[in-house]
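What follows is work.cif (mmCIF, C-alpha atoms).
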data_target
#
loop_
_atom_site.label_atom_id
_atom_site.label_comp_id
_atom_site.auth_asym_id
_atom_site.auth_seq_id
_atom_site.Cartn_x
_atom_site.Cartn_y
_atom_site.Cartn_z
CA MET A 618 -0.24 -3.30 15.25
CA LYS A 619 -2.63 -2.14 12.57
CA ARG A 620 -6.16 -3.52 12.67
CA ILE A 621 -8.87 -2.42 10.26
CA ALA A 622 -12.23 -4.18 10.07
CA ILE A 623 -15.27 -3.16 8.05
CA GLN A 624 -17.97 -5.57 9.16
CA ALA A 625 -21.66 -6.11 9.80
CA GLU A 626 -21.06 -7.84 13.13
CA ASP A 627 -20.85 -6.12 16.50
CA PHE A 628 -17.46 -5.83 18.19
CA ASP A 629 -16.01 -6.17 21.68
CA VAL A 630 -14.65 -2.84 22.90
CA ALA A 631 -12.91 -4.44 25.89
CA ALA A 632 -11.05 -6.89 23.65
CA GLU A 633 -9.89 -4.06 21.37
CA LEU A 634 -8.64 -2.01 24.32
CA THR A 635 -6.89 -5.04 25.84
CA ALA A 636 -5.03 -5.65 22.58
CA LEU A 637 -3.91 -2.01 22.42
CA GLU A 638 -2.88 -1.98 26.10
CA ALA A 639 -0.80 -5.12 25.57
CA LEU A 640 1.48 -3.19 23.21
CA GLY A 641 3.26 -1.71 26.23
CA GLY A 642 2.72 1.98 25.62
CA GLY A 643 1.93 4.65 28.16
CA GLY A 644 -1.36 5.74 26.65
CA VAL A 645 -4.38 4.28 24.90
CA ALA A 646 -7.11 6.53 23.51
CA SER A 647 -10.40 5.34 22.08
CA PHE A 648 -13.73 6.44 20.71
CA THR A 649 -16.83 4.29 20.38
CA GLY A 650 -19.71 5.65 18.29
CA ILE A 651 -23.27 4.59 19.09
CA VAL A 652 -26.38 4.93 16.92
CA ARG A 653 -28.48 7.70 18.46
CA GLY A 654 -32.18 7.08 19.01
CA GLU A 655 -33.40 10.64 18.64
CA GLY A 656 -36.94 11.42 17.58
CA SER A 657 -38.67 8.57 15.84
CA LEU A 658 -35.49 7.01 14.39
CA ILE A 659 -35.76 3.23 14.40
CA ALA A 660 -32.66 2.33 12.38
CA LEU A 661 -29.60 3.67 10.61
CA GLU A 662 -28.57 1.83 7.47
CA LEU A 663 -24.96 2.09 6.28
CA GLU A 664 -23.87 1.17 2.78
CA HIS A 665 -20.37 1.15 1.33
CA TYR A 666 -18.31 -0.06 -1.59
CA PRO A 667 -15.93 -2.58 0.08
CA ALA A 668 -12.82 -2.11 -2.09
CA MET A 669 -13.00 1.69 -1.95
CA THR A 670 -13.73 1.75 1.78
CA ALA A 671 -10.89 -0.62 2.65
CA ALA A 672 -8.38 1.32 0.54
CA GLN A 673 -9.32 4.72 1.92
CA VAL A 674 -9.39 3.61 5.57
CA ASP A 675 -6.03 1.89 5.11
CA ARG A 676 -4.60 5.09 3.61
CA ILE A 677 -5.75 7.28 6.49
CA VAL A 678 -4.43 4.81 9.09
CA ASP A 679 -1.06 4.91 7.32
CA GLU A 680 -1.17 8.71 7.49
CA ALA A 681 -1.83 8.58 11.25
CA LEU A 682 1.04 6.12 11.69
CA ALA A 683 3.33 8.51 9.81
CA ARG A 684 2.21 11.61 11.75
CA TRP A 685 2.35 10.22 15.31
CA PRO A 686 4.65 7.71 17.05
CA LEU A 687 1.98 5.04 17.44
CA LEU A 688 2.40 1.49 18.66
CA GLY A 689 -0.97 0.45 17.35
CA VAL A 690 -4.22 1.48 15.70
CA SER A 691 -7.55 -0.32 15.65
CA ILE A 692 -10.50 0.81 13.53
CA ILE A 693 -13.75 -1.09 13.28
CA HIS A 694 -16.65 0.33 11.29
CA ARG A 695 -19.92 -1.49 10.89
CA PHE A 696 -22.30 -1.48 7.94
CA GLY A 697 -25.82 -2.73 7.42
CA ARG A 698 -28.96 -1.90 9.40
CA LEU A 699 -28.27 -0.81 12.97
CA GLU A 700 -30.81 0.07 15.63
CA PRO A 701 -30.46 2.85 18.23
CA GLY A 702 -27.98 1.87 20.93
CA ALA A 703 -25.90 -0.30 18.58
CA ARG A 704 -22.15 0.28 18.33
CA ILE A 705 -21.28 1.67 14.91
CA VAL A 706 -17.57 2.56 15.05
CA PHE A 707 -14.49 2.04 17.20
CA VAL A 708 -11.20 3.91 16.93
CA GLY A 709 -8.35 3.05 19.26
CA THR A 710 -4.75 4.20 19.29
CA ALA A 711 -1.78 3.31 21.47
CA SER A 712 1.41 5.27 21.96
CA ARG A 713 4.16 5.71 24.52
CA HIS A 714 2.65 9.13 25.38
CA ARG A 715 -0.92 10.35 25.82
CA THR A 716 -0.70 13.31 23.43
CA ALA A 717 0.04 11.13 20.41
CA ALA A 718 -2.68 8.65 21.39
CA LEU A 719 -5.30 11.35 21.95
CA GLU A 720 -4.48 13.45 18.89
CA SER A 721 -4.31 10.49 16.50
CA CYS A 722 -7.59 9.08 17.81
CA ALA A 723 -9.31 12.45 17.26
CA PHE A 724 -7.75 12.74 13.78
CA LEU A 725 -9.00 9.29 12.77
CA ILE A 726 -12.56 9.72 14.03
CA ASP A 727 -12.80 13.19 12.47
CA TRP A 728 -11.71 11.70 9.14
CA LEU A 729 -14.13 8.76 9.45
CA LYS A 730 -17.01 11.10 10.26
CA SER A 731 -16.39 13.46 7.36
CA ASP A 732 -14.60 11.61 4.56
CA ALA A 733 -14.97 7.85 4.89
CA PRO A 734 -16.98 6.40 2.00
CA PHE A 735 -20.08 5.28 3.89
CA TRP A 736 -23.60 6.30 2.91
CA LYS A 737 -26.09 6.54 5.77
CA LYS A 738 -29.86 6.32 5.53
CA GLU A 739 -32.15 6.99 8.47
CA HIS A 740 -35.35 4.96 8.91
CA PHE A 741 -38.20 6.43 10.93
CA ALA A 742 -41.19 4.90 12.74
CA ASP A 743 -43.67 6.40 10.23
CA GLY A 744 -41.92 4.60 7.34
CA ALA A 745 -40.07 7.67 6.07
CA THR A 746 -36.39 7.48 5.16
CA ALA A 747 -33.74 10.14 4.64
CA TRP A 748 -30.12 10.09 3.55
CA VAL A 749 -27.81 11.70 6.09
CA ALA A 750 -26.11 14.80 4.70
CA ALA A 751 -22.58 15.83 5.60
CA ARG A 752 -22.40 18.33 8.45
CA ALA A 753 -20.32 21.48 8.05
CA GLU A 754 -18.98 21.12 11.62
CA ASP A 755 -17.62 17.64 10.88
CA GLU A 756 -15.99 18.76 7.66
CA ALA A 757 -14.42 21.77 9.40
CA LYS A 758 -12.91 19.54 12.10
CA ALA A 759 -11.42 17.21 9.51
CA LYS A 760 -10.01 20.12 7.50
CA GLY A 761 -8.40 21.46 10.68
CA TRP A 762 -5.97 18.51 10.61
CA THR A 763 -4.56 19.67 7.26
CA ALA A 764 -3.93 23.27 8.32
#
Could I get this file's structure written as C-alpha coordinates?
Amino acid sequence: MKRIAIQAEDFDVAAELTALEALGGGGVASFTGIVRGEGSLIALELEHYPAMTAAQVDRIVDEALARWPLLGVSIIHRFGRLEPGARIVFVGTASRHRTAALESCAFLIDWLKSDAPFWKKEHFADGATAWVAARAEDEAKAKGWTA
(Lines of atoms letter the chains of each structure in order from A and count residues from 1; the text may use other names and numbers.)
(Lines give C-alpha, C1' and ligand atoms only; values in the text may rest on other atoms or scores of the structure.)
Protein backbone atom coordinates (compact mmCIF):
# COMPACT_ATOMS: atom_id res chain seq x y z
CA MET A 1 0.00 0.00 0.00
CA LYS A 2 1.35 3.38 -0.99
CA ARG A 3 -0.81 6.41 -0.23
CA ILE A 4 0.32 9.97 -0.91
CA ALA A 5 -2.06 12.91 -0.61
CA ILE A 6 -1.21 16.60 -0.87
CA GLN A 7 -4.43 18.36 0.05
CA ALA A 8 -6.04 21.38 1.65
CA GLU A 9 -8.57 19.30 3.59
CA ASP A 10 -8.05 17.88 7.06
CA PHE A 11 -7.50 14.14 7.45
CA ASP A 12 -8.60 11.36 9.77
CA VAL A 13 -5.62 9.93 11.66
CA ALA A 14 -7.63 6.97 12.97
CA ALA A 15 -8.68 5.98 9.45
CA GLU A 16 -5.07 6.13 8.24
CA LEU A 17 -3.85 3.99 11.13
CA THR A 18 -6.69 1.48 10.61
CA ALA A 19 -5.72 1.08 6.95
CA LEU A 20 -2.07 0.49 7.87
CA GLU A 21 -2.99 -1.96 10.66
CA ALA A 22 -5.18 -3.93 8.24
CA LEU A 23 -2.08 -4.84 6.21
CA GLY A 24 -1.28 -7.55 8.76
CA GLY A 25 2.15 -6.46 9.89
CA GLY A 26 3.56 -6.54 13.38
CA GLY A 27 4.24 -2.83 13.68
CA VAL A 28 2.74 0.49 12.64
CA ALA A 29 4.58 3.75 13.30
CA SER A 30 3.15 7.21 12.76
CA PHE A 31 3.79 10.90 13.18
CA THR A 32 1.18 13.63 13.11
CA GLY A 33 2.38 17.24 12.87
CA ILE A 34 0.28 20.03 14.36
CA VAL A 35 0.54 23.78 13.73
CA ARG A 36 2.05 25.30 16.86
CA GLY A 37 0.40 28.37 18.36
CA GLU A 38 3.47 29.97 19.89
CA GLY A 39 3.65 33.68 20.52
CA SER A 40 1.19 35.70 18.50
CA LEU A 41 1.03 33.27 15.56
CA ILE A 42 -2.49 33.15 14.15
CA ALA A 43 -1.89 31.08 11.00
CA LEU A 44 0.66 29.18 8.98
CA GLU A 45 0.26 29.36 5.22
CA LEU A 46 1.77 26.61 3.06
CA GLU A 47 2.35 26.97 -0.65
CA HIS A 48 3.67 24.41 -3.10
CA TYR A 49 4.02 23.63 -6.78
CA PRO A 50 1.76 20.54 -7.19
CA ALA A 51 3.67 18.67 -9.92
CA MET A 52 7.04 19.14 -8.23
CA THR A 53 5.70 18.27 -4.78
CA ALA A 54 3.95 15.11 -5.97
CA ALA A 55 7.02 13.89 -7.86
CA GLN A 56 9.45 14.50 -5.00
CA VAL A 57 7.23 12.95 -2.32
CA ASP A 58 6.63 9.93 -4.56
CA ARG A 59 10.39 9.56 -5.05
CA ILE A 60 11.16 9.62 -1.33
CA VAL A 61 8.39 7.12 -0.56
CA ASP A 62 9.88 4.81 -3.19
CA GLU A 63 13.26 5.20 -1.50
CA ALA A 64 11.76 4.24 1.87
CA LEU A 65 10.07 1.21 0.28
CA ALA A 66 13.43 0.14 -1.16
CA ARG A 67 15.35 0.65 2.11
CA TRP A 68 12.96 -1.08 4.53
CA PRO A 69 10.66 -4.12 4.22
CA LEU A 70 7.44 -2.12 4.41
CA LEU A 71 3.91 -3.34 3.88
CA GLY A 72 2.55 0.15 3.52
CA VAL A 73 3.23 3.88 3.66
CA SER A 74 0.79 6.74 4.05
CA ILE A 75 1.79 10.39 3.72
CA ILE A 76 -0.66 13.26 3.87
CA HIS A 77 0.58 16.85 3.75
CA ARG A 78 -1.76 19.80 3.82
CA PHE A 79 -1.37 23.17 2.13
CA GLY A 80 -3.21 26.45 2.41
CA ARG A 81 -3.87 28.56 5.50
CA LEU A 82 -3.87 26.57 8.74
CA GLU A 83 -4.56 27.86 12.23
CA PRO A 84 -2.79 26.73 15.42
CA GLY A 85 -3.95 23.27 16.47
CA ALA A 86 -4.66 22.15 12.89
CA ARG A 87 -3.12 18.92 11.62
CA ILE A 88 -0.53 19.67 8.96
CA VAL A 89 1.15 16.34 8.15
CA PHE A 90 0.73 12.61 8.71
CA VAL A 91 3.33 9.93 8.08
CA GLY A 92 2.49 6.30 8.74
CA THR A 93 4.42 3.13 7.97
CA ALA A 94 3.62 -0.54 8.44
CA SER A 95 6.03 -3.45 8.54
CA ARG A 96 6.27 -6.94 9.94
CA HIS A 97 8.74 -5.61 12.55
CA ARG A 98 8.83 -2.45 14.64
CA THR A 99 12.37 -1.37 13.72
CA ALA A 100 11.55 -1.00 10.03
CA ALA A 101 8.30 0.82 10.81
CA LEU A 102 9.93 3.22 13.27
CA GLU A 103 13.05 3.94 11.22
CA SER A 104 11.18 4.49 7.96
CA CYS A 105 8.66 6.79 9.64
CA ALA A 106 11.49 8.89 11.10
CA PHE A 107 13.27 8.95 7.72
CA LEU A 108 10.14 10.16 5.93
CA ILE A 109 9.25 12.91 8.40
CA ASP A 110 12.87 14.10 8.53
CA TRP A 111 12.86 14.35 4.74
CA LEU A 112 9.48 16.13 4.66
CA LYS A 113 10.65 18.63 7.28
CA SER A 114 13.91 19.49 5.54
CA ASP A 115 13.57 18.84 1.80
CA ALA A 116 9.94 18.69 0.71
CA PRO A 117 9.08 21.57 -1.62
CA PHE A 118 6.67 23.49 0.62
CA TRP A 119 7.05 27.17 1.40
CA LYS A 120 5.73 28.27 4.79
CA LYS A 121 4.68 31.77 5.80
CA GLU A 122 3.77 32.69 9.35
CA HIS A 123 0.98 35.21 10.03
CA PHE A 124 0.96 37.10 13.32
CA ALA A 125 -1.76 38.91 15.28
CA ASP A 126 -0.17 42.33 14.60
CA GLY A 127 -0.45 41.77 10.82
CA ALA A 128 3.23 40.92 10.33
CA THR A 129 4.26 37.95 8.20
CA ALA A 130 7.50 36.01 7.90
CA TRP A 131 8.70 33.18 5.70
CA VAL A 132 9.91 30.19 7.71
CA ALA A 133 13.62 29.52 7.17
CA ALA A 134 15.12 26.05 7.12
CA ARG A 135 16.51 24.95 10.48
CA ALA A 136 20.03 23.54 10.67
CA GLU A 137 18.87 20.82 13.10
CA ASP A 138 16.26 19.55 10.62
CA GLU A 139 18.75 19.52 7.76
CA ALA A 140 21.30 17.66 9.90
CA LYS A 141 18.76 14.96 10.79
CA ALA A 142 17.84 14.46 7.14
CA LYS A 143 21.50 14.29 6.10
CA GLY A 144 22.08 11.65 8.78
CA TRP A 145 20.01 9.19 6.71
CA THR A 146 22.51 9.41 3.84
CA ALA A 147 25.61 8.75 5.95
Who sits within 12 Å of region 745-750 of chain A, only C-alpha atoms, same chain under 3 positions skipped, as a list in words
Ser657, Leu658, Ile659, Ala660, Leu661, Glu662, Leu663, Glu664, Lys730, Ser731, Asp732, Phe735, Trp736, Lys737, Lys738, Glu739, His740, Phe741, Ala742, Ala753, Glu754, Asp755 and Glu756 of chain A
Find the residues near region 641-648 of chain A: any atom within 10 Å, counting all atoms listed in the file, skip ones fewer than 6 places away on the same chain, and give them as number ranges by chain.
A: 630, 633-635, 687-692, 706-723, 725-726
Name all residues at most 12 Å from Asp627 (chain A) (count all atoms listed in the file; drop same-chain ones fewer than 5 positions away) and give them as a VMD selection string.
chain A and resid 622 649 to 651 693 to 700 702 to 707
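One finds CA of Asp679 (chain A) at 20.0 Å from CA of Gln624 (chain A).
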So how many Å separate CA of Thr670 (chain A) and CA of Leu729 (chain A), to one decimal?
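According to the coordinates, CA of Thr670 (chain A) and CA of Leu729 (chain A) are separated by 10.4 Å.
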Can you work out the spacing between CA of Leu640 (chain A) and CA of Glu680 (chain A) in Å, to one decimal?
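CA of Glu680 (chain A) lies at a distance of 19.9 Å from CA of Leu640 (chain A).
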All file atoms of region 665-684 of chain A boxed axis-aligned, 5 Å per side, centre plus edges, as AutoDock Vina command-line options:
--center_x -8.5 --center_y 4.5 --center_z 4.8 --size_x 33.7 --size_y 24.2 --size_z 23.8
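Minimum atom-to-atom distances from A:Ile621, A:Ala757, A:Ala751, A:Asp629 to Arg676 (chain A) were compared using all atoms listed in the file, and the lowest value belongs to A:Ile621.
Counting all atoms listed in the file, the residue from A:Pro701, A:Asp727, A:Tyr666, A:Ala636 that sits nearest to Arg620 (chain A) is A:Ala636.
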Using all atoms listed in the file, pick whichever of A:Pro667, A:Ala683, A:Pro734, A:Asp743 has the shortest atom-to-atom distance to Ile623 (chain A).
A:Pro667
May I ask you to restore N, CA and C atoms in region 682-704 of chain A and write the result as an mmCIF file, in the coordinates of the input?
data_model
loop_
_atom_site.group_PDB
_atom_site.id
_atom_site.type_symbol
_atom_site.label_atom_id
_atom_site.label_comp_id
_atom_site.auth_asym_id
_atom_site.auth_seq_id
_atom_site.Cartn_x
_atom_site.Cartn_y
_atom_site.Cartn_z
ATOM 1 N N LEU A 682 -0.191 6.785 11.262
ATOM 2 C CA LEU A 682 1.040 6.120 11.690
ATOM 3 C C LEU A 682 2.281 6.929 11.317
ATOM 4 N N ALA A 683 2.204 7.672 10.216
ATOM 5 C CA ALA A 683 3.330 8.510 9.810
ATOM 6 C C ALA A 683 3.399 9.813 10.610
ATOM 7 N N ARG A 684 2.253 10.322 11.046
ATOM 8 C CA ARG A 684 2.210 11.610 11.750
ATOM 9 C C ARG A 684 2.523 11.510 13.240
ATOM 10 N N TRP A 685 2.170 10.380 13.864
ATOM 11 C CA TRP A 685 2.350 10.220 15.310
ATOM 12 C C TRP A 685 3.130 8.946 15.596
ATOM 13 N N PRO A 686 3.887 8.920 16.682
ATOM 14 C CA PRO A 686 4.650 7.710 17.050
ATOM 15 C C PRO A 686 3.739 6.683 17.734
ATOM 16 N N LEU A 687 2.975 5.975 16.923
ATOM 17 C CA LEU A 687 1.980 5.040 17.440
ATOM 18 C C LEU A 687 2.523 3.622 17.507
ATOM 19 N N LEU A 688 2.103 2.917 18.528
ATOM 20 C CA LEU A 688 2.400 1.490 18.660
ATOM 21 C C LEU A 688 1.317 0.643 17.998
ATOM 22 N N GLY A 689 0.127 1.200 17.938
ATOM 23 C CA GLY A 689 -0.970 0.450 17.350
ATOM 24 C C GLY A 689 -2.179 1.300 17.062
ATOM 25 N N VAL A 690 -2.964 0.840 16.089
ATOM 26 C CA VAL A 690 -4.220 1.480 15.700
ATOM 27 C C VAL A 690 -5.240 0.370 15.448
ATOM 28 N N SER A 691 -6.442 0.595 15.934
ATOM 29 C CA SER A 691 -7.550 -0.320 15.650
ATOM 30 C C SER A 691 -8.749 0.501 15.208
ATOM 31 N N ILE A 692 -9.274 0.172 14.034
ATOM 32 C CA ILE A 692 -10.500 0.810 13.530
ATOM 33 C C ILE A 692 -11.465 -0.303 13.142
ATOM 34 N N ILE A 693 -12.660 -0.194 13.674
ATOM 35 C CA ILE A 693 -13.750 -1.090 13.280
ATOM 36 C C ILE A 693 -14.923 -0.205 12.904
ATOM 37 N N HIS A 694 -15.469 -0.419 11.725
ATOM 38 C CA HIS A 694 -16.650 0.330 11.290
ATOM 39 C C HIS A 694 -17.672 -0.674 10.781
ATOM 40 N N ARG A 695 -18.861 -0.559 11.292
ATOM 41 C CA ARG A 695 -19.920 -1.490 10.890
ATOM 42 C C ARG A 695 -20.703 -0.940 9.701
ATOM 43 N N PHE A 696 -21.369 -1.844 9.006
ATOM 44 C CA PHE A 696 -22.300 -1.480 7.940
ATOM 45 C C PHE A 696 -23.539 -2.343 8.099
ATOM 46 N N GLY A 697 -24.554 -2.024 7.318
ATOM 47 C CA GLY A 697 -25.820 -2.730 7.420
ATOM 48 C C GLY A 697 -26.823 -1.915 8.220
ATOM 49 N N ARG A 698 -27.882 -2.574 8.654
ATOM 50 C CA ARG A 698 -28.960 -1.900 9.400
ATOM 51 C C ARG A 698 -28.682 -2.022 10.895
ATOM 52 N N LEU A 699 -28.581 -0.871 11.550
ATOM 53 C CA LEU A 699 -28.270 -0.810 12.970
ATOM 54 C C LEU A 699 -29.361 -0.045 13.701
ATOM 55 N N GLU A 700 -29.767 -0.570 14.834
ATOM 56 C CA GLU A 700 -30.810 0.070 15.630
ATOM 57 C C GLU A 700 -30.196 1.006 16.671
ATOM 58 N N PRO A 701 -30.979 1.955 17.191
ATOM 59 C CA PRO A 701 -30.460 2.850 18.230
ATOM 60 C C PRO A 701 -29.850 2.047 19.381
ATOM 61 N N GLY A 702 -28.701 2.545 19.856
ATOM 62 C CA GLY A 702 -27.980 1.870 20.930
ATOM 63 C C GLY A 702 -26.893 0.931 20.433
ATOM 64 N N ALA A 703 -26.906 0.605 19.136
ATOM 65 C CA ALA A 703 -25.900 -0.300 18.580
ATOM 66 C C ALA A 703 -24.578 0.436 18.393
ATOM 67 N N ARG A 704 -23.476 -0.290 18.619
ATOM 68 C CA ARG A 704 -22.150 0.280 18.330
ATOM 69 C C ARG A 704 -21.981 0.342 16.820
#
